[in-house]
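Structure file my_file37.txt with compact mmCIF, C-alpha atoms:
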# COMPACT_ATOMS: atom_id res chain seq x y z
CA MET A 113 -9.32 14.90 -6.48
CA ARG A 114 -6.67 15.65 -3.85
CA VAL A 115 -4.54 12.63 -2.94
CA GLY A 116 -1.50 12.33 -0.74
CA PHE A 117 0.43 10.59 1.98
CA TYR A 118 1.93 11.06 5.41
CA GLN A 119 5.26 9.34 6.01
CA PHE A 120 6.84 9.10 9.46
CA ALA A 121 8.73 6.72 11.75
CA PRO A 122 6.22 4.79 13.88
CA VAL A 123 7.23 3.96 17.45
CA PHE A 124 7.22 0.20 17.82
CA GLY A 125 4.50 -1.19 20.05
CA ASP A 126 2.61 2.10 20.50
CA PRO A 127 -0.57 1.96 18.40
CA ALA A 128 -2.31 4.73 20.35
CA GLY A 129 0.69 7.06 20.14
CA ASN A 130 1.24 6.42 16.43
CA THR A 131 -2.43 7.01 15.69
CA ALA A 132 -2.36 10.24 17.69
CA ARG A 133 0.64 11.40 15.70
CA VAL A 134 -1.20 10.73 12.45
CA ARG A 135 -4.25 12.64 13.72
CA GLU A 136 -2.09 15.67 14.46
CA ALA A 137 -0.32 15.52 11.09
CA LEU A 138 -3.52 15.14 9.07
CA SER A 139 -4.98 18.25 10.68
CA ALA A 140 -2.67 20.21 8.39
CA LEU A 141 -3.54 18.28 5.20
CA GLU A 142 -6.62 18.87 3.05
CA ALA A 143 -7.17 15.77 0.94
CA ASP A 144 -9.80 13.39 -0.39
CA LEU A 145 -7.47 10.40 0.05
CA ILE A 146 -4.50 9.92 2.37
CA VAL A 147 -2.26 6.84 2.40
CA LEU A 148 -0.28 5.89 5.53
CA PRO A 149 2.65 3.47 5.85
CA GLU A 150 2.49 -0.30 6.19
CA LEU A 151 1.97 -1.39 9.82
CA PHE A 152 1.75 2.28 10.73
CA ASN A 153 0.22 1.64 14.14
CA THR A 154 2.51 -1.11 15.45
CA GLY A 155 5.85 -0.55 13.80
CA TYR A 156 7.50 -3.16 11.61
CA GLN A 157 10.32 -5.20 13.13
CA PHE A 158 8.67 -7.90 15.23
CA VAL A 159 10.86 -10.41 17.00
CA SER A 160 8.27 -13.10 17.81
CA GLU A 161 4.90 -14.39 16.72
CA ASP A 162 3.52 -13.71 20.20
CA GLU A 163 4.56 -10.08 19.87
CA ALA A 164 2.74 -9.79 16.54
CA ARG A 165 -0.34 -11.47 17.98
CA ASP A 166 -0.42 -9.17 21.01
CA LEU A 167 -0.26 -6.04 18.86
CA ALA A 168 -2.64 -7.17 16.09
CA GLU A 169 -6.26 -5.98 16.14
CA PRO A 170 -9.50 -7.11 14.51
CA ILE A 171 -10.83 -5.26 11.48
CA PRO A 172 -13.07 -3.26 11.67
CA ASP A 173 -13.69 -3.63 15.42
CA GLY A 174 -10.21 -2.79 16.74
CA GLU A 175 -9.24 0.48 18.41
CA THR A 176 -6.99 1.62 15.56
CA CYS A 177 -9.66 1.10 12.93
CA ALA A 178 -12.21 2.94 15.07
CA ALA A 179 -9.79 5.84 15.53
CA LEU A 180 -9.11 6.01 11.78
CA ILE A 181 -12.84 6.08 11.03
CA ASP A 182 -13.30 8.95 13.50
CA LEU A 183 -10.41 10.79 11.88
CA ALA A 184 -11.75 10.21 8.36
CA ARG A 185 -15.16 11.50 9.43
CA GLU A 186 -13.61 14.52 11.12
CA ARG A 187 -11.43 15.39 8.12
CA GLY A 188 -13.94 14.42 5.42
CA THR A 189 -11.43 12.11 3.76
CA HIS A 190 -10.63 8.48 3.01
CA ILE A 191 -7.59 6.84 4.58
CA ALA A 192 -5.70 3.72 3.46
CA ALA A 193 -3.49 2.44 6.27
CA GLY A 194 -1.40 -0.65 6.96
CA ILE A 195 -2.12 -2.43 10.25
CA ALA A 196 -1.56 -5.85 11.81
CA GLU A 197 -4.86 -7.73 11.73
CA ARG A 198 -5.97 -10.52 14.05
CA ASP A 199 -8.74 -12.84 12.86
CA GLY A 200 -9.22 -15.70 15.27
CA GLU A 201 -5.85 -17.44 15.50
CA ALA A 202 -4.58 -15.95 12.25
CA ILE A 203 -2.45 -12.80 12.01
CA TYR A 204 -2.23 -10.83 8.76
CA ASN A 205 -0.29 -7.88 7.42
CA ALA A 206 -3.30 -5.90 6.24
CA CYS A 207 -4.40 -2.63 4.69
CA VAL A 208 -7.67 -1.05 5.77
CA LEU A 209 -9.59 1.56 3.80
CA VAL A 210 -11.88 3.81 5.84
CA GLY A 211 -13.96 6.89 5.15
CA PRO A 212 -16.52 9.15 6.78
CA GLU A 213 -19.10 6.37 6.36
CA GLY A 214 -17.00 3.77 8.19
CA CYS A 215 -14.81 0.87 7.12
CA VAL A 216 -14.92 0.48 3.34
CA GLY A 217 -12.84 -2.70 3.16
CA ARG A 218 -9.49 -4.36 3.75
CA TYR A 219 -6.77 -6.32 2.00
CA ARG A 220 -4.43 -8.98 3.36
CA LYS A 221 -0.92 -8.87 1.91
CA LEU A 222 -0.33 -11.62 -0.64
CA HIS A 223 3.45 -11.41 -0.94
CA LEU A 224 5.13 -11.45 2.46
CA PHE A 225 8.70 -10.13 2.68
CA TYR A 226 11.57 -11.68 4.63
CA GLU A 227 10.68 -12.44 8.28
CA GLU A 228 7.07 -11.40 7.78
CA LYS A 229 6.66 -15.05 6.82
CA ARG A 230 7.42 -15.95 10.43
CA TRP A 231 4.70 -13.76 11.95
CA PHE A 232 1.93 -13.44 9.37
CA GLN A 233 -0.17 -15.66 7.16
CA PRO A 234 -0.36 -14.60 3.50
CA GLY A 235 -3.64 -13.35 2.13
CA ARG A 236 -5.65 -15.76 0.02
CA GLU A 237 -7.87 -13.38 -1.94
CA PRO A 238 -7.06 -11.09 -4.89
CA PRO A 239 -6.26 -7.49 -4.03
CA PRO A 240 -9.58 -5.61 -3.95
CA VAL A 241 -10.89 -2.49 -5.63
CA PHE A 242 -13.49 -0.29 -3.91
CA ASP A 243 -15.73 2.35 -5.46
CA VAL A 244 -15.55 5.53 -3.41
CA GLY A 245 -17.66 8.36 -4.78
CA GLY A 246 -17.18 7.19 -8.36
CA VAL A 247 -13.41 6.72 -7.98
CA ARG A 248 -12.08 3.17 -7.81
CA LEU A 249 -9.35 2.60 -5.22
CA GLY A 250 -7.18 -0.52 -5.32
CA LEU A 251 -5.18 -1.80 -2.35
CA MET A 252 -1.70 -3.36 -2.35
CA ILE A 253 1.05 -3.49 0.29
CA CYS A 254 4.82 -2.93 0.06
CA PHE A 255 6.54 -6.04 -1.43
CA ASP A 256 3.54 -6.59 -3.72
CA TRP A 257 5.34 -4.10 -5.96
CA ILE A 258 7.86 -6.66 -7.19
CA PHE A 259 5.11 -8.94 -8.51
CA PRO A 260 3.58 -7.21 -11.55
CA GLU A 261 0.54 -9.45 -11.28
CA THR A 262 -0.64 -7.45 -8.26
CA ALA A 263 -0.97 -4.11 -10.00
CA ARG A 264 -2.29 -5.81 -13.13
CA MET A 265 -5.07 -7.54 -11.17
CA LEU A 266 -6.09 -4.18 -9.74
CA ALA A 267 -6.04 -2.55 -13.18
CA LEU A 268 -8.17 -5.34 -14.65
CA GLN A 269 -10.74 -4.63 -11.92
CA GLY A 270 -10.86 -1.01 -13.02
CA ALA A 271 -8.72 0.64 -10.34
CA ASP A 272 -8.08 4.34 -10.90
CA ILE A 273 -5.63 4.73 -8.01
CA LEU A 274 -3.38 2.17 -6.32
CA CYS A 275 -3.08 2.79 -2.57
CA HIS A 276 0.29 1.34 -1.55
CA PRO A 277 1.25 1.44 2.16
CA SER A 278 4.90 0.39 2.47
CA ASN A 279 7.91 -0.13 4.75
CA LEU A 280 10.62 -0.11 2.10
CA ILE A 281 14.30 -0.72 2.72
CA PHE A 282 15.28 -0.63 -0.99
CA THR A 283 14.94 2.35 -3.32
CA LEU A 284 14.19 0.05 -6.27
CA CYS A 285 10.48 0.15 -5.52
CA HIS A 286 10.26 3.89 -6.03
CA GLU A 287 11.36 3.52 -9.64
CA ALA A 288 9.49 0.26 -10.22
CA MET A 289 6.18 1.92 -9.32
CA LEU A 290 6.70 4.32 -12.22
CA ILE A 291 6.63 1.26 -14.47
CA ARG A 292 3.65 -0.30 -12.69
CA CYS A 293 1.70 2.90 -13.38
CA LEU A 294 2.87 3.11 -16.98
CA GLU A 295 2.12 -0.50 -17.85
CA ASN A 296 -1.35 -0.35 -16.27
CA ARG A 297 -2.25 3.30 -16.90
CA VAL A 298 -3.13 4.03 -13.26
CA PHE A 299 -2.22 6.50 -10.53
CA ALA A 300 -0.39 5.19 -7.47
CA VAL A 301 0.17 6.64 -4.01
CA THR A 302 3.06 4.87 -2.28
CA CYS A 303 3.50 5.81 1.37
CA ASN A 304 6.75 4.58 2.87
CA ARG A 305 7.99 5.05 6.43
CA THR A 306 11.19 6.69 7.65
CA GLY A 307 13.68 5.97 10.42
CA ARG A 308 15.21 2.62 11.39
CA ASP A 309 14.58 -0.46 13.48
CA GLU A 310 17.26 -2.13 15.61
CA ARG A 311 15.13 -4.47 17.68
CA LYS A 312 16.86 -7.63 16.46
CA PRO A 313 20.48 -8.03 17.59
CA GLY A 314 22.85 -7.68 14.68
CA GLU A 315 20.24 -6.45 12.22
CA THR A 316 19.29 -2.88 11.45
CA LEU A 317 16.49 -2.01 9.04
CA THR A 318 16.81 1.46 7.54
CA TYR A 319 13.71 2.71 5.75
CA THR A 320 14.03 4.81 2.64
CA GLY A 321 11.17 7.32 2.86
CA GLY A 322 10.60 8.83 -0.58
CA SER A 323 6.81 8.48 -0.50
CA GLN A 324 5.39 9.46 -3.87
CA VAL A 325 2.46 9.95 -6.21
CA VAL A 326 2.80 8.72 -9.81
CA ASP A 327 0.48 9.35 -12.76
CA PRO A 328 -0.76 6.94 -15.48
CA ARG A 329 2.07 7.92 -17.80
CA GLY A 330 4.64 6.82 -15.24
CA ARG A 331 5.52 10.38 -14.33
CA LEU A 332 6.46 11.36 -10.80
CA LEU A 333 4.10 14.04 -9.50
CA VAL A 334 5.61 14.44 -6.03
CA ARG A 335 8.17 12.62 -3.90
CA ALA A 336 9.05 13.16 -0.24
CA GLY A 337 12.54 13.21 1.25
CA GLU A 338 14.26 10.12 2.61
CA GLU A 339 14.48 10.81 6.34
CA ASN A 340 11.96 13.27 7.76
CA PRO A 341 8.25 13.05 8.56
CA GLU A 342 6.40 14.59 5.67
CA GLY A 343 2.91 14.98 4.27
CA GLN A 344 2.22 15.85 0.66
CA VAL A 345 -1.00 16.33 -1.30
CA VAL A 346 -1.36 16.72 -5.05
CA GLU A 347 -4.44 17.27 -7.24
CA ILE A 348 -5.17 14.66 -9.90
CA GLN A 349 -7.89 13.74 -12.38
CA PRO A 350 -8.66 10.05 -11.63
CA GLU A 351 -10.53 9.60 -14.91
CA ARG A 352 -7.19 9.76 -16.73
CA SER A 353 -6.65 6.19 -15.53
CA ARG A 354 -9.55 5.02 -17.67
CA ASN A 355 -7.86 5.78 -20.98
CA LYS A 356 -5.76 2.68 -21.67
CA ASP A 357 -4.68 3.72 -25.16
CA PHE A 358 -0.90 3.81 -25.60
CA ASN A 359 -1.35 5.28 -29.06
CA GLU A 360 -4.00 5.12 -31.78
CA TYR A 361 -3.15 1.48 -32.48
CA ASN A 362 -2.26 0.05 -29.07
CA HIS A 363 -4.41 -0.54 -25.99
CA ILE A 364 -2.55 -1.48 -22.79
CA LEU A 365 -5.11 -4.08 -21.69
CA GLY A 366 -6.81 -4.92 -24.96
CA ASP A 367 -3.56 -5.90 -26.69
CA ARG A 368 -2.66 -8.55 -24.12
CA ARG A 369 -2.16 -11.97 -25.73
CA VAL A 370 -4.01 -13.93 -23.05
CA GLU A 371 -4.24 -16.98 -25.31
CA VAL A 372 -0.48 -17.48 -24.94
CA TYR A 373 -0.13 -16.46 -21.31
CA ASP A 374 -1.37 -19.70 -19.76
CA MET A 375 2.13 -20.60 -18.58
CA ILE A 376 1.99 -17.71 -16.10
CA ASN A 377 -0.22 -19.85 -13.89
CA ARG A 378 2.14 -22.82 -13.93
CA PRO A 379 4.47 -23.58 -11.00
CA ALA A 380 7.96 -22.13 -11.36
CA VAL A 381 10.70 -24.39 -12.67
CA PRO A 382 12.81 -25.59 -9.69

What would the structure in this file look like if it were written as structure tokens?
Amino acid sequence: MRVGFYQFAPVFGDPAGNTARVREALSALEADLIVLPELFNTGYQFVSEDEARDLAEPIPDGETCAALIDLARERGTHIAAGIAERDGEAIYNACVLVGPEGCVGRYRKLHLFYEEKRWFQPGREPPPVFDVGGVRLGLMICFDWIFPETARMLALQGADILCHPSNLIFTLCHEAMLIRCLENRVFAVTCNRTGRDERKPGETLTYTGGSQVVDPRGRLLVRAGEENPEGQVVEIQPERSRNKDFNEYNHILGDRRVEVYDMINRPAVP
């Protein structure tokens, strides 16, 4: 299976232009799965809830989702992309998964970062896993990386590949995802964006690029540069994610001591 990403610097407030740029870039990539950045169509640094609401779209009936489906059908691929979703009065930071057959599903970000909490509502459902041609794709978004429960929930649902649209401003995530893959024995495709935002006076967000693909042993298969638009594709064997043996005595999921983990679900100590 050929999996990859396309990282770039979205233009804020230009969904049609950002989608057109992705269409042009993907014409040069041959892949079965492509991951795009978080909020790839709108850009990231909102300055008001009204702004987020105006740019958000319904899933799957919005223009961006329709354009992605057309692109997936044209390229014979599946695409995981971060977009701002509007559902009634609620606005979510979401990831949509589309393919030649249409919209496969979506995920609403559980762990909102920084001022995202001002514009978006957090998701209320576990991150989903979708079966696509016998390969199971799990969805997570950006700051979900710092909560190991996210990747573990996807692994427990049988995910082979974690699709991870991101807008990262710290390089810590790049290394942390090596551990997420190792501790869950899964592949992960993290697609970050590049460039910077300076829409809020006195605050500049500089994105770290470095989109990557990691294997179930926690090994880096490919990583993009920090600043430039870049698409990369690498061939993998998704079934390698299904072997959870660490050695002949240890099984990554089977050895969990769930009978003593009940405190994980308790509220944190103030």

- [ ] May I have the protein, DNA and RNA residues with an atom at most 12 Å from (3.4, 4.0, -26.2), counting all atoms listed in the file in the file's coordinates, returned as a VMD selection string?
- [x] chain A and resid 294 to 297 328 to 330 356 to 364

Open item on the list: Distance cut-off 8 Å, centre (-1.4, 18.5, 4.7) in file coordinates, counting only C-alpha atoms: which residues qualify? Return them as a VMD selection string.
Closed with: chain A and resid 137 to 143 343 to 345

Selection from above, C-alpha atoms, as an mmCIF file, in the coordinates of the input, can you write it?
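Printed below is again26.cif as written:
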data_model
loop_
_atom_site.group_PDB
_atom_site.id
_atom_site.type_symbol
_atom_site.label_atom_id
_atom_site.label_comp_id
_atom_site.auth_asym_id
_atom_site.auth_seq_id
_atom_site.Cartn_x
_atom_site.Cartn_y
_atom_site.Cartn_z
ATOM 1 C CA ALA A 137 -0.320 15.520 11.090
ATOM 2 C CA LEU A 138 -3.520 15.140 9.070
ATOM 3 C CA SER A 139 -4.980 18.250 10.680
ATOM 4 C CA ALA A 140 -2.670 20.210 8.390
ATOM 5 C CA LEU A 141 -3.540 18.280 5.200
ATOM 6 C CA GLU A 142 -6.620 18.870 3.050
ATOM 7 C CA ALA A 143 -7.170 15.770 0.940
ATOM 8 C CA GLY A 343 2.910 14.980 4.270
ATOM 9 C CA GLN A 344 2.220 15.850 0.660
ATOM 10 C CA VAL A 345 -1.000 16.330 -1.300
#

May I have a table of the residues of range 265-318 of chain A lying at most 7 Å from range 219-243 of chain A, giving each one's closest pair of atoms and their distance in Å to one decimal, counting only C-alpha atoms, ordered by chain and ascending residue number, as JSON lines?
{"residue": "A:Leu266", "atom": "CA", "partner": "A:Val241", "partner_atom": "CA", "distance": 6.5}
{"residue": "A:Gln269", "atom": "CA", "partner": "A:Val241", "partner_atom": "CA", "distance": 6.6}
{"residue": "A:Ala271", "atom": "CA", "partner": "A:Val241", "partner_atom": "CA", "distance": 6.1}

Task: Nearest-residue call for Asn340 in chain A, choices A:Met265, A:Val115, A:Ala121, A:Leu209, using only C-alpha atoms - done: A:Ala121

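Near Cys177 in chain A, within a cut-off of 8 Å and counting all atoms listed in the file, sit the residues Ile171, Pro172, Asp173, Gly174, Leu180, Ile181, Val208, Val210 and Cys215 of chain A, with same-chain residues fewer than 3 positions away left out.
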
Task: All residues 12 Å or closer to Arg335 in chain A, only C-alpha atoms, same chain fewer than 5 positions away omitted, as a list in words - done: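 Near Arg335 in chain A, the qualifying residues are Gly116, Phe117, Tyr118, Gln119, His286, Glu287, Leu290, Ala300, Val301, Thr302, Cys303, Asn304, Thr320, Gly321, Gly322, Ser323, Gln324, Val325, Val326, Glu342, Gly343, Gln344, Val345 and Val346 of chain A.
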
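Take CA of Ala263 in chain A and CA of Ile203 in chain A: the distance between them is 23.7 Å.
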
Task: For CA of Asp374 in chain A and CA of Cys275 in chain A, the interatomic separation in Å (one decimal) - done: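 Between CA of Asp374 in chain A and CA of Cys275 in chain A the gap is 28.4 Å.
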
TODO: Select, from A:Ser278, A:Thr283, A:Thr154, A:Gln349, the residue with the minimum atom-to-atom distance to Val247 in chain A, counting all atoms listed in the file.
DONE: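 With all atoms listed in the file as the atom set, the closest residue is A:Gln349.
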
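Here CA of Asp144 in chain A stands at a distance of 14.0 Å from CA of Asp272 in chain A.
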
TODO: Name all residues at most 7 Å from Asp327 in chain A (count only C-alpha atoms; drop same-chain ones fewer than 5 positions away) and give them as an MDAnalysis selection string.
DONE: chainID A and resid 293 298:300 332:333

Open item on the list: Here is a test: counting all atoms listed in the file, which residue of A:Ile281, A:Ala196, A:Leu365, A:Val334 is nearest to Arg264 in chain A?
Closed with: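 Going through A:Ile281, A:Ala196, A:Leu365, A:Val334 one by one, the smallest distance to Arg264 in chain A is for A:Leu365.
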
Open item on the list: Here is a test: counting only C-alpha atoms, which residue of A:Ile195, A:Val216, A:Ala336, A:Ala267 is nearest to Gly245 in chain A?
Closed with: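 Counting only C-alpha atoms, the residue closest to Gly245 in chain A is A:Val216.
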
Task: Residue contacts of Cys254 in chain A (7 Å, all atoms listed in the file) excluding same-chain residues fewer than 3 positions away, as a PyMOL selection string - done: chain A and resi 257+276-280

Task: Selected residue, from A:Pro170, A:Leu274, A:Met375, A:Asp126, that lies nearest to Ser353 in chain A when counting only C-alpha atoms - done: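 Checking each candidate against Ser353 in chain A, we get A:Leu274 as the closest.
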